[in-house]
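One structure is given below, encoded as structure tokens.
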Amino acid sequence: MVKRNPNMAKLTAGYLFPEINRRKREYLQKNPGVKIISLGIGNTTEPLTPHVVEGLHHEVDRLSTREGYSGYGDEQGISDFRAQLAAKLYGGIVKGDEVFISDGAKCDIARLQTMFGSEVSIAVQDPSYPVYVDGSVIAGVTGSYDQSRSQFDKIVYMKCCLENDFFPDLDNQPRTDLIYFCSPNNPTGAVASREQLKKLVDFARKNRSIIIFDAAYSEYISDKSLPKTIFEIDGAREVAIEVSSFSKPSGFTGVRLGWTVVPDQLKFEDGTPVRNDWNRIMTTLFNGASNIAQYGGMAALEDEGLAEMKSLVSYYMENAAIIKKALDARGLVTCGGINAPYVWAHFPGRKSWDVFSEILEKCQIVTTPGSGFGPAGEGFVRFSAFGHREDFVEAIKRLEAL
Ligand code: MLT
């Protein structure tokens, strides 16, 4: 018999989103025929946009000819695409060869966890995207289990709540090797200001830590005073890696395309550039993003593609405004939904899963329970802005039953 990987046994529960689906299926079994509105997982719903589709088609056609066909490409991505991405999305503050194209931010996070190994300590915003903690535990980042806090001692939860404007109290945080930070935040929808990100970068520089900055929702920022990338902050190139994705701005959740930026200046303790090890990981464990998807990405970064991206983002942000207004009108305290496609609603004194069940029973709406994102998410539920407009119009009527 093969021994089970002990790290798998250390995971606290099943992955959050399959559990939500399980409960949704269970509800449907008991209530067949009911139309459920899903405002749970942040899964895009609107069709791919015309210019992007043209880019995808064009590459499919090229691959169907003997002259145009290509097999494996560079594992790091098509070099023109890398340069285009650095220029168009980063205004040249990062270089093309610091951009590594991939099949998505979540997969890159898992590969980063493989690269950093089991010896590191980590800090996460609490609440946060479950992959940071679960992926780290799978990679062996645990240490011993502290019964009194119900937490592993190599994992630090940095509380982000209404009282601290969803930004951790860095003056009272212990040093960790890695700091996961997501802005615009999933799940709270909070967006860190320039001053806040400067504090974060200064904290990482002081502690010689590395920030893994998740910018998957950056295109949802419309307020020009808010930073869209950690690399807008002085000194970030020495302490940060950024992961991002075409999933949420271009509807590529199924197409699969993302990227990671590893700046030249970022070094390990022994002086090895992190970029070298990342290149080793990508060339060893990954065979490059789909060439078709990459051409779709290139089309998304052309002027027509960028205009389409903007209107797709606006569509989802109007959904966010609709749901936020309805929740506010019910007297709930909400955060997010502005510059971010998630609305984080507070139900003081309640358990998140109880609120999830109540909304499912009374309104036939699926949400995401805040406690699934970490202990500080208890008492909150998350509403996603990804969905068809008519479902949001219907959802706000149904919420009156709450
Ligand atoms: C979420 O709903 O939190 C995310 O969309 C899931 C994901 O991006 O993997």
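Naming scheme: A, B, ... for chains in displayed order of the structure tokens; residues 1 onward per chain; ligands 1 onward as shown.
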Distance filter 7 Å around ligand 1, atoms: only C-alpha atoms and all ligand atoms, out as a tab-separated table (two decimals) with N, CA and C atoms, in the first residue's frame:
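As written to disk, selection-v1.tsv reads:
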```
chain	number	residue	atom	x	y	z
A	40	GLY	N	-22.13	32.89	-6.38
A	40	GLY	CA	-21.11	32.27	-5.54
A	40	GLY	C	-19.74	32.44	-6.15
A	41	ILE	N	-19.27	31.40	-6.81
A	41	ILE	CA	-17.91	31.46	-7.38
A	41	ILE	C	-17.80	32.61	-8.39
A	42	GLY	N	-16.64	33.21	-8.44
A	42	GLY	CA	-16.39	34.30	-9.38
A	42	GLY	C	-16.11	33.77	-10.77
A	43	ASN	N	-17.16	33.23	-11.39
A	43	ASN	CA	-16.98	32.62	-12.71
A	43	ASN	C	-17.64	33.50	-13.76
A	106	LYS	N	-3.98	30.89	-10.65
A	106	LYS	CA	-4.06	29.85	-9.61
A	106	LYS	C	-2.95	28.81	-9.82
A	129	TYR	N	-8.16	34.36	-0.50
A	129	TYR	CA	-8.38	33.31	-1.50
A	129	TYR	C	-7.80	32.00	-0.95
A	186	ASN	N	-9.93	39.59	-3.19
A	186	ASN	CA	-10.89	38.49	-3.17
A	186	ASN	C	-10.73	37.85	-1.79
A	187	PRO	N	-11.71	37.88	-0.92
A	187	PRO	CA	-13.13	38.12	-1.15
A	187	PRO	C	-13.69	39.48	-0.77
```
Inset, instruction - DSSP on the backbone, then: every residue of region 179-346 of chain A marked alpha helix (DSSP H), written as a PyMOL selection string. - result: chain A and resi 194-207+247-250+274-285+291-300+303-329
Inset, instruction - Extract, using only C-alpha atoms, all DNA, RNA and protein residues at most 9 Å from region 354-357 of chain A, discarding same-chain residues fewer than 6 positions from it, and format them as a list in words. - result: Arg23, Phe347, Ile365, Val366, Thr367, Thr368, Pro369, Gly379, Phe380 and Val381 of chain A
Legend entry - Which residue of A:Phe268, A:Tyr315, A:Phe181, A:Tyr295 approaches Arg389 (chain A) most closely, using only C-alpha atoms: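 Distance minimum relative to Arg389 (chain A) lands on A:Tyr315.
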Inset, instruction - Quick one: everything within 8 Å of Ser193 (chain A), counting only C-alpha atoms, minus sequence neighbours fewer than 5 positions away in the same chain. Send it as an MDAnalysis selection string. - result: chainID A and resid 225:227
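Within 8 Å of Val343 (chain A), once only C-alpha atoms are used and residues closer than 2 positions along the same chain are dropped, the contacting residues are Pro187, Thr188, Gly189, Ala320, Ile323, Lys324, Thr334, Cys335, Gly336, Gly337, Ala340, Pro341, Ala345, Arg382, Phe383, Ser384 and Ala385 of chain A.
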Inset, instruction - Write out as an NGL selection string the residues lying within 9 Å of Gly77 (chain A), counting only C-alpha atoms and excluding same-chain residues fewer than 6 positions away. - result: :A and (99-102 or 288-289 or 291 or 294)
Can I get the selected residues back with N, CA and C atoms, as a PDB file, in the first residue's frame?
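Saved result, part17.pdb, follows:
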```
ATOM      1  N   VAL A  99       8.175  38.861 -17.632  1.00  0.00           N
ATOM      2  CA  VAL A  99       6.788  38.366 -17.682  1.00  0.00           C
ATOM      3  C   VAL A  99       6.801  36.918 -18.162  1.00  0.00           C
ATOM      4  N   PHE A 100       6.216  36.027 -17.389  1.00  0.00           N
ATOM      5  CA  PHE A 100       6.120  34.609 -17.769  1.00  0.00           C
ATOM      6  C   PHE A 100       4.641  34.285 -17.987  1.00  0.00           C
ATOM      7  N   ILE A 101       4.314  33.919 -19.222  1.00  0.00           N
ATOM      8  CA  ILE A 101       2.917  33.634 -19.570  1.00  0.00           C
ATOM      9  C   ILE A 101       2.564  32.213 -19.097  1.00  0.00           C
ATOM     10  N   SER A 102       1.310  32.043 -18.654  1.00  0.00           N
ATOM     11  CA  SER A 102       0.937  30.735 -18.105  1.00  0.00           C
ATOM     12  C   SER A 102      -0.526  30.405 -18.385  1.00  0.00           C
ATOM     13  N   GLY A 288       4.264  25.599 -21.439  1.00  0.00           N
ATOM     14  CA  GLY A 288       3.819  26.810 -22.121  1.00  0.00           C
ATOM     15  C   GLY A 288       2.302  26.851 -22.204  1.00  0.00           C
ATOM     16  N   ALA A 289       1.765  28.085 -22.222  1.00  0.00           N
ATOM     17  CA  ALA A 289       0.311  28.255 -22.356  1.00  0.00           C
ATOM     18  C   ALA A 289      -0.091  27.885 -23.780  1.00  0.00           C
ATOM     19  N   ASN A 291      -1.012  27.926 -27.445  1.00  0.00           N
ATOM     20  CA  ASN A 291      -0.705  28.982 -28.428  1.00  0.00           C
ATOM     21  C   ASN A 291      -1.980  29.710 -28.862  1.00  0.00           C
ATOM     22  N   GLN A 294      -2.823  32.246 -26.278  1.00  0.00           N
ATOM     23  CA  GLN A 294      -1.887  33.383 -26.293  1.00  0.00           C
ATOM     24  C   GLN A 294      -2.240  34.380 -27.401  1.00  0.00           C
TER      25      GLN A 294
END
```
Inset, instruction - Tell me, as a ChimeraX atom specification, which residues lie within 12 Å of Asp153 (chain A), counting only C-alpha atoms; anything in the same chain fewer than 3 positions away does not count. - result: /A:120-123,137,141-150,156-157,174,176
Inset, instruction - May I ask which of the residues A:Gln364, A:Gln196, A:Ser136, A:Gln151 is the closest one to Tyr180 (chain A), counting only C-alpha atoms? - result: A:Ser136
Inset, instruction - Go through A:Asp303, A:Arg66, A:Gly73, A:Leu360 one by one, measure the shortest atom-to-atom distance of each to Lys24 (chain A) using only C-alpha atoms, and give the residue with the smallest value. - result: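 When distances to Lys24 (chain A) are compared using only C-alpha atoms, the smallest one comes from A:Leu360.
Distances here use only C-alpha atoms; by that measure, the residue among A:Ile230, A:Gly387, A:Ile281, A:Asp74 closest to Pro184 (chain A) is A:Ile230.
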Inset, instruction - Give the answer as one residue: which of A:Glu195, A:Glu219, A:Asp134, A:Glu394 has the shortest atom-to-atom distance to Ser250 (chain A), using only C-alpha atoms? - result: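 The answer is A:Glu219, which sits nearest to Ser250 (chain A).
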Inset, instruction - Enumerate as a ChimeraX atom specification all residues of region 83-292 of chain A assigned to strand (DSSP E or B) by DSSP on the backbone, naming them with the chain letters and numbers the document uses. - result: /A:99-102,122-126,145-146,151-152,155-159,178-182,210-214,240-245,258-261,267,273
Legend entry - Nearest to Ala299 (chain A), chosen from A:Gly55, A:Pro127, A:Gly331, A:Pro6, with only C-alpha atoms counted in the distances: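 Once distances to Ala299 (chain A) are computed over only C-alpha atoms, the minimum belongs to A:Gly55.
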